[in-house]
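Okay, start_14.txt now, which holds compact mmCIF, C-alpha atoms:
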```
# COMPACT_ATOMS: atom_id res chain seq x y z
CA MET A 1 16.12 19.18 30.65
CA MET A 2 15.90 22.76 29.48
CA LEU A 3 12.95 24.82 30.76
CA ILE A 4 11.07 26.61 27.98
CA SER A 5 10.64 30.17 29.18
CA PRO A 6 8.33 32.70 27.46
CA ILE A 7 10.99 35.37 28.01
CA LEU A 8 13.82 35.84 25.50
CA GLY A 9 17.14 34.67 26.94
CA ARG A 10 20.72 34.26 25.81
CA PRO A 11 21.46 31.94 22.88
CA THR A 12 21.96 28.28 23.67
CA ILE A 13 23.30 25.37 21.63
CA ASP A 14 20.35 23.14 20.89
CA LYS A 15 21.99 20.39 18.85
CA ILE A 16 25.54 19.24 18.26
CA GLY A 17 26.91 16.84 15.66
CA LEU A 18 30.46 15.49 16.12
CA LYS A 19 32.80 13.42 13.97
CA SER A 20 35.90 11.53 15.06
CA ILE A 21 38.32 9.31 13.15
CA ASP A 22 40.25 8.59 16.36
CA TYR A 23 37.98 6.12 18.13
CA ARG A 24 38.03 2.59 19.46
CA MET A 25 35.11 0.22 18.96
CA ALA A 26 34.79 -2.82 21.22
CA VAL A 27 34.24 -6.24 19.68
CA ASN A 28 31.23 -6.80 21.91
CA ASN A 29 29.35 -3.60 21.14
CA LYS A 30 25.66 -2.71 21.05
CA PHE A 31 25.66 -1.38 17.51
CA ASN A 32 23.28 -2.65 14.85
CA GLN A 33 24.40 -3.27 11.28
CA ARG A 34 22.77 -1.83 8.18
CA PRO A 35 24.17 -3.01 4.82
CA GLU A 36 24.06 -0.51 1.96
CA LEU A 37 23.80 -1.93 -1.54
CA ASP A 38 24.44 -0.48 -4.99
CA SER A 39 21.97 -0.65 -7.89
CA PHE A 40 23.23 -4.18 -8.72
CA GLY A 41 22.57 -5.43 -5.21
CA GLN A 42 26.24 -5.56 -4.32
CA LEU A 43 27.32 -4.59 -0.80
CA THR A 44 29.04 -1.20 -0.84
CA ARG A 45 29.55 -0.68 2.87
CA LEU A 46 28.28 -1.56 6.33
CA LYS A 47 26.84 1.16 8.49
CA TYR A 48 26.77 0.65 12.24
CA PHE A 49 24.28 2.60 14.32
CA TYR A 50 22.99 2.84 17.87
CA ASN A 51 20.31 5.28 19.05
CA SER A 52 19.24 6.07 22.58
CA GLU A 53 17.49 8.80 24.54
CA ILE A 54 20.90 10.38 25.19
CA CYS A 55 22.38 10.48 21.68
CA ASN A 56 22.48 8.96 18.20
CA MET A 57 25.66 7.19 17.03
CA THR A 58 26.92 5.85 13.71
CA VAL A 59 30.13 4.29 12.43
CA GLU A 60 30.58 4.44 8.66
CA PRO A 61 33.02 5.54 5.95
CA ASP A 62 33.04 9.28 5.28
CA LYS A 63 33.16 10.85 1.79
CA GLN A 64 36.88 10.12 1.62
CA GLY A 65 36.20 6.45 2.40
CA LYS A 66 37.74 6.69 5.86
CA ASP A 67 35.89 5.03 8.73
CA CYS A 68 34.61 7.58 11.23
CA PHE A 69 32.42 7.77 14.28
CA LYS A 70 29.58 10.32 14.43
CA VAL A 71 27.43 11.27 17.38
CA SER A 72 24.65 13.85 17.72
CA TYR A 73 22.84 15.06 20.83
CA ASN A 74 21.04 18.00 22.41
CA PRO A 75 23.21 19.71 25.05
CA ASN A 76 20.15 21.57 26.34
CA ASN A 77 18.78 18.24 27.53
CA VAL A 78 21.84 16.09 28.31
CA GLU A 79 25.28 16.71 29.77
CA HIS A 80 28.44 15.96 27.82
CA GLU A 81 29.46 13.41 30.47
CA GLN A 82 26.20 11.56 29.83
CA VAL A 83 27.11 11.36 26.14
CA ILE A 84 30.57 9.99 26.94
CA ASN A 85 29.14 7.36 29.29
CA GLU A 86 26.45 6.38 26.79
CA CYS A 87 29.03 5.91 24.05
CA ARG A 88 31.23 3.79 26.29
CA GLN A 89 28.30 1.60 27.26
CA ALA A 90 27.52 1.13 23.57
CA GLY A 91 31.13 0.09 22.94
CA ILE A 92 32.76 3.28 21.64
CA ASP A 93 35.58 5.22 23.25
CA PHE A 94 36.75 8.56 21.80
CA SER A 95 37.94 12.02 22.79
CA ILE A 96 34.76 14.10 22.73
CA LEU A 97 36.46 17.49 23.20
CA GLU A 98 38.83 16.91 20.28
CA SER A 99 36.05 15.71 17.96
CA LYS A 100 35.26 17.81 14.89
CA VAL A 101 32.00 19.78 15.00
CA ILE A 102 30.00 18.99 11.86
CA ARG A 103 26.67 20.46 13.01
CA ALA A 104 25.56 23.07 15.51
CA ASP A 105 22.07 24.51 16.05
CA ILE A 106 21.85 27.72 18.10
CA GLU A 107 18.47 28.84 19.39
CA ARG A 108 16.53 31.56 21.16
CA HIS A 109 12.83 31.52 21.95
CA GLN A 110 10.14 33.75 23.37
CA GLN A 111 6.38 34.15 23.49
CA LEU A 112 5.07 36.20 20.58
CA ASN A 113 1.89 38.24 20.65
CA GLN A 114 0.40 36.41 17.66
CA SER A 115 0.46 32.91 16.22
CA LEU A 116 3.50 32.16 14.07
CA TYR A 117 1.36 32.04 10.93
CA SER A 118 0.61 35.74 11.42
CA TYR A 119 4.30 36.53 10.85
CA HIS A 120 4.67 34.55 7.61
CA SER A 121 4.03 37.53 5.32
CA ILE A 122 6.77 39.48 7.13
CA LEU A 123 9.21 36.59 6.84
CA GLU A 124 8.39 36.16 3.14
CA LYS A 125 9.11 39.82 2.51
CA ALA A 126 12.34 39.64 4.56
CA LYS A 127 13.84 36.82 2.47
CA SER A 128 17.08 37.51 0.63
CA GLY A 129 19.80 35.61 -1.20
CA ARG A 130 19.52 32.28 -2.95
CA ASN A 131 17.59 29.96 -0.71
CA LEU A 132 15.23 27.07 -0.30
CA ARG A 133 12.08 27.58 1.75
CA THR A 134 9.62 25.27 3.48
CA THR A 135 6.65 26.45 5.47
CA ASN A 136 3.43 25.40 7.16
CA ASN A 137 1.21 26.92 9.84
CA GLN A 138 3.59 26.00 12.66
CA SER A 139 6.98 26.56 11.01
CA PHE A 140 9.03 28.60 8.55
CA ARG A 141 12.47 27.59 7.28
CA VAL A 142 14.72 29.47 4.90
CA GLY A 143 18.31 28.86 3.80
CA THR A 144 20.27 26.04 2.18
CA ALA A 145 21.32 22.49 2.95
CA SER A 146 24.48 23.92 4.56
CA ILE A 147 23.07 26.71 6.73
CA ASN A 148 19.54 27.86 7.40
CA ILE A 149 17.10 29.42 9.84
CA ALA A 150 14.23 27.35 11.23
CA ILE A 151 11.36 29.12 12.98
CA TYR A 152 8.72 26.98 14.66
CA ASP A 153 6.04 26.97 17.33
CA LYS A 154 7.60 25.32 20.36
CA SER A 155 4.31 25.51 22.25
CA ILE A 156 2.72 23.14 19.75
CA GLU A 157 5.75 20.87 19.41
CA ALA A 158 6.31 20.47 23.15
CA LYS A 159 2.60 20.74 24.08
CA LEU A 160 3.24 23.70 26.37
CA SER A 161 0.44 25.35 28.34
CA GLU A 162 1.54 28.82 27.23
CA PRO A 163 0.75 29.51 23.55
CA ASN A 164 2.85 31.13 20.82
CA ILE A 165 6.30 30.40 22.28
CA VAL A 166 8.28 30.52 19.05
CA ARG A 167 11.83 29.26 18.64
CA VAL A 168 14.21 30.68 16.05
CA GLU A 169 17.13 28.36 15.32
CA SER A 170 20.24 29.12 13.28
CA ARG A 171 21.31 25.75 11.95
CA TYR A 172 24.84 25.02 10.73
CA LEU A 173 24.43 21.66 9.00
CA LYS A 174 27.96 21.42 7.58
CA PRO A 175 31.28 22.42 9.17
CA ASN A 176 32.59 24.97 6.65
CA TYR A 177 30.67 27.99 8.00
CA LEU A 178 31.54 27.03 11.57
CA GLN A 179 35.22 26.78 10.71
CA LYS A 180 35.13 30.28 9.21
CA GLN A 181 34.06 31.47 12.65
CA GLY A 182 36.88 29.56 14.37
CA ILE A 183 34.78 26.59 15.48
CA TYR A 184 36.59 23.35 14.69
CA THR A 185 36.30 21.06 17.71
CA LEU A 186 33.76 20.61 20.48
CA GLU A 187 36.19 22.28 22.85
CA SER A 188 36.25 25.44 20.72
CA LEU A 189 32.44 25.44 20.53
CA LEU A 190 32.06 25.06 24.29
CA ASN A 191 34.57 27.87 24.83
CA ALA A 192 32.53 30.23 22.66
CA ASP A 193 31.21 33.07 24.82
CA THR A 194 27.82 34.75 24.41
CA SER A 195 29.23 37.28 21.96
CA LYS A 196 30.59 34.51 19.71
CA LEU A 197 27.33 32.56 19.91
CA MET A 198 25.40 35.67 18.90
CA GLN A 199 27.76 36.13 15.93
CA LEU A 200 26.98 32.58 14.85
CA TYR A 201 23.29 33.06 15.54
CA ILE A 202 22.96 36.26 13.49
CA LYS A 203 24.93 35.06 10.44
CA PRO A 204 22.10 33.07 8.75
CA LYS A 205 19.69 35.96 9.34
CA ASP A 206 22.09 38.30 7.55
CA MET A 207 22.30 35.83 4.68
CA TYR A 208 18.66 34.87 4.21
CA LEU A 209 16.50 37.42 6.07
CA SER A 210 18.58 40.53 5.45
CA ASN A 211 15.53 42.59 4.43
CA LEU A 212 13.96 42.18 7.86
CA ALA A 213 15.32 45.43 9.32
CA LYS A 214 14.09 47.38 6.30
CA LEU A 215 10.52 46.36 7.06
CA GLN A 216 10.43 47.91 10.52
CA GLY A 217 9.46 51.31 9.17
CA ASN A 218 7.79 49.99 6.04
CA ARG A 219 4.00 50.04 6.16
CA GLU A 220 3.71 48.88 2.53
CA ILE A 221 4.42 45.22 3.30
CA GLU A 222 1.72 43.55 1.20
CA GLN A 223 0.44 44.11 -2.30
CA VAL A 224 -2.81 45.93 -1.57
CA GLY A 225 -4.30 46.45 -5.01
CA ASN A 226 -6.76 43.56 -4.86
CA TYR A 227 -7.87 44.50 -1.35
CA ILE A 228 -8.42 48.12 -2.37
CA ARG A 229 -10.59 47.08 -5.31
CA PHE A 230 -12.51 44.67 -3.09
CA PHE A 231 -13.13 47.38 -0.50
CA GLU A 232 -14.31 49.79 -3.21
CA GLN A 233 -16.65 47.15 -4.63
CA LEU A 234 -18.20 46.53 -1.21
CA HIS A 235 -19.13 50.21 -1.02
CA GLN A 236 -21.24 49.66 -4.13
CA THR A 237 -22.81 46.33 -3.18
CA SER A 238 -23.00 46.17 0.63
CA SER A 239 -24.92 48.10 3.23
CA ARG A 240 -22.09 47.58 5.75
CA PRO A 241 -18.92 47.51 3.60
CA THR A 242 -16.33 47.95 6.37
CA THR A 243 -17.84 45.16 8.50
CA ASP A 244 -18.03 42.81 5.53
CA PHE A 245 -14.46 43.69 4.58
CA LEU A 246 -13.14 42.76 8.03
CA GLN A 247 -15.02 39.47 7.95
CA ALA A 248 -13.68 38.57 4.50
CA ILE A 249 -9.96 39.25 4.96
CA CYS A 250 -7.30 37.56 7.07
CA LEU A 251 -6.79 40.11 9.84
CA ASN A 252 -3.69 38.59 11.39
CA THR A 253 -1.95 38.39 8.03
CA LEU A 254 -2.66 42.00 7.03
CA GLY A 255 -2.39 43.87 10.33
CA ILE A 256 -3.96 47.18 11.33
CA ASP A 257 -1.41 49.33 9.47
CA GLN A 258 -2.18 47.67 6.18
CA ILE A 259 -5.95 47.77 6.69
CA LEU A 260 -5.82 51.52 7.34
CA ASN A 261 -3.59 51.90 4.28
CA ILE A 262 -6.15 50.08 2.13
CA ILE A 263 -8.93 52.36 3.37
CA GLN A 264 -6.83 55.48 2.75
CA SER A 265 -6.06 54.34 -0.80
CA ALA A 266 -9.63 53.39 -1.72
CA ASP A 267 -11.50 55.54 -4.24
CA ILE A 268 -14.51 56.28 -2.05
CA PRO A 269 -15.95 59.54 -0.71
CA LYS A 270 -13.80 61.26 1.90
CA ARG A 271 -16.50 61.03 4.55
CA LYS A 272 -16.94 57.30 4.04
CA ARG A 273 -13.18 56.85 4.22
CA TYR A 274 -13.10 58.73 7.53
CA ASN A 275 -16.01 56.71 8.95
CA ALA A 276 -14.37 53.46 7.92
CA LYS A 277 -11.12 54.41 9.66
CA GLN A 278 -12.94 55.37 12.85
CA TYR A 279 -14.85 52.09 12.80
CA ILE A 280 -11.62 50.11 12.39
CA LEU A 281 -9.88 51.96 15.22
CA LYS A 282 -12.80 51.24 17.55
CA GLN A 283 -12.66 47.54 16.68
CA ILE A 284 -8.95 47.06 17.42
CA PRO A 285 -9.36 45.99 21.08
CA LYS A 286 -12.02 43.45 20.05
CA LEU A 287 -10.24 42.13 16.98
CA ASN A 288 -6.70 42.08 18.38
CA ILE A 289 -5.25 43.18 15.03
CA PRO A 290 -1.46 43.52 15.33
CA HIS A 291 0.64 46.40 14.04
CA GLN A 292 3.00 45.12 11.35
CA ALA A 293 5.84 47.34 12.58
CA ASP A 294 5.50 45.86 16.07
CA MET A 295 5.55 42.34 14.64
CA VAL A 296 8.75 43.09 12.72
CA LYS A 297 10.26 44.44 15.93
CA GLU A 298 9.39 41.17 17.70
CA ILE A 299 11.22 39.06 15.11
CA LEU A 300 14.22 41.42 15.12
CA SER A 301 14.46 41.09 18.89
CA TYR A 302 15.73 37.51 18.49
CA PHE A 303 18.89 38.92 16.92
CA ASN A 304 19.48 41.63 19.52
CA LEU A 305 21.21 40.44 22.67
CA ALA A 306 19.91 43.44 24.63
CA SER A 307 16.42 42.02 24.23
```

I'd like the structure from this file rewritten - as structure tokens, please.
Amino acid sequence: MMLISPILGRPTIDKIGLKSIDYRMAVNNKFNQRPELDSFGQLTRLKYFYNSEICNMTVEPDKQGKDCFKVSYNPNNVEHEQVINECRQAGIDFSILESKVIRADIERHQQLNQSLYSYHSILEKAKSGRNLRTTNNQSFRVGTASINIAIYDKSIEAKLSEPNIVRVESRYLKPNYLQKQGIYTLESLLNADTSKLMQLYIKPKDMYLSNLAKLQGNREIEQVGNYIRFFEQLHQTSSRPTTDFLQAICLNTLGIDQILNIIQSADIPKRKRYNAKQYILKQIPKLNIPHQADMVKEILSYFNLAS
């Protein structure tokens, strides 16, 4: 079982999917049958499956109609020998090293200074290329059905005592991108050194979060017009406009850089602008407002091996 460290380490393979057409299935096997029917209720094929704590297995025709064996497992939690033994006990014998890799997830994780939700505006701005996106408070995923990046709060998922340990996974869900990088069989994947794994890990970021590096020096990350007008209005209606402004906005989403930018851009007397800035700067230790540039640097560190 892999230990979840708060410190960023080298990339590891978190999930593997294999396919083999060269397998032997015992008559007395442990597989269950699942019939698949067409719209007329006619049997189209039988799918055999067997799931355990070690791995998940299926036997079914592939897209070409050829029977194949598929197995998926997490090499961070189980050894390859365990997978082989589990398959044999279920009634399947195959060459695991010569099997075709049809899925590979590569991950790195570390403890961030803020909750993952605080980084969503950065990730939204970093998006590039044609992509599908799903998001909630604990996760952010961008990419396609073939290759994507999944970012999620491992502390919440695994119920860890340390908060904000966030995992960034590069997921290859189909074999074509892997093959372009020279990964065909499990043996070639296991022989991939750290440099090759980092190449694979960075590729989806370059495809779907390519604007990330541009944000590191960019303080204009959010559209601030509405906030500026709101801040100006508070100076006309409130006796403590800066305090009310801080209470009304989402601090972790904006960040200190953007808040100071809003104040600087507001059409209020120079003295009031200065006082507001000084008040904000004094509140930073209490409010724990992050710098956007520092948050961008944190996300970029996943894709830098030196980190």

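Shortest atom-to-atom contact with A:Pro204 among A:Phe245, A:Tyr23, A:Tyr172, A:Phe230: A:Tyr172, counting all atoms listed in the file.
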
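For A:Ile54, the non-local neighbours within 10 Å, defined as residues at least 4 positions apart in the same chain or in other chains and counting only C-alpha atoms, are Ser72, Tyr73, Asn74, Pro75, Asn77, Val78, Glu79, His80, Gln82, Val83, Ile84, Asn85, Glu86 and Cys87 of chain A.
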
Handout entry: Spatial neighbours of stretch 7-17 of chain A, max dist 9 Å, all atoms listed in the file, sep filter under 4 positions, as a PyMOL selection string
Key = chain A and resi 70-77+100-111+165+169+171+173+186+194+197-198+201+301-302+305+307

Fill in the blank from the handout: Correct to one decimal, the distance atom CA of A:Leu116-atom CA of A:Glu298 is 11.4 Å

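Taking only C-alpha atoms into account, A:Asn29 lies nearest to A:Gln89 out of the set A:Asn164, A:Ser146, A:Asn51, A:Gln89.
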
Exercise for the section: For A:Ile280, work out the shell of residues within 8 Å, counting only C-alpha atoms and skipping chain neighbours fewer than 4 positions away, then give it as a VMD selection string. Expected result: chain A and resid 242 260 276 284

Would you output that residue set with C-alpha atoms, as a PDB file, keeping the file's coordinate frame?
```
ATOM      1  CA  THR A 242     -16.330  47.950   6.370  1.00  0.00           C
ATOM      2  CA  LEU A 260      -5.820  51.520   7.340  1.00  0.00           C
ATOM      3  CA  ALA A 276     -14.370  53.460   7.920  1.00  0.00           C
ATOM      4  CA  ILE A 284      -8.950  47.060  17.420  1.00  0.00           C
TER       5      ILE A 284
END
```

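With distances restricted to only C-alpha atoms, A:Ser99 is the closest residue to A:Ser20 from A:Ser99, A:Gln264, A:Ser118, A:Asn191.
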
Practice task
Tell me, as a VMD selection string, which residues lie within 7 Å of stretch 24-28 of chain A, counting only C-alpha atoms; anything in the same chain fewer than 2 positions away does not count.
Solution key: chain A and resid 30 91 to 94
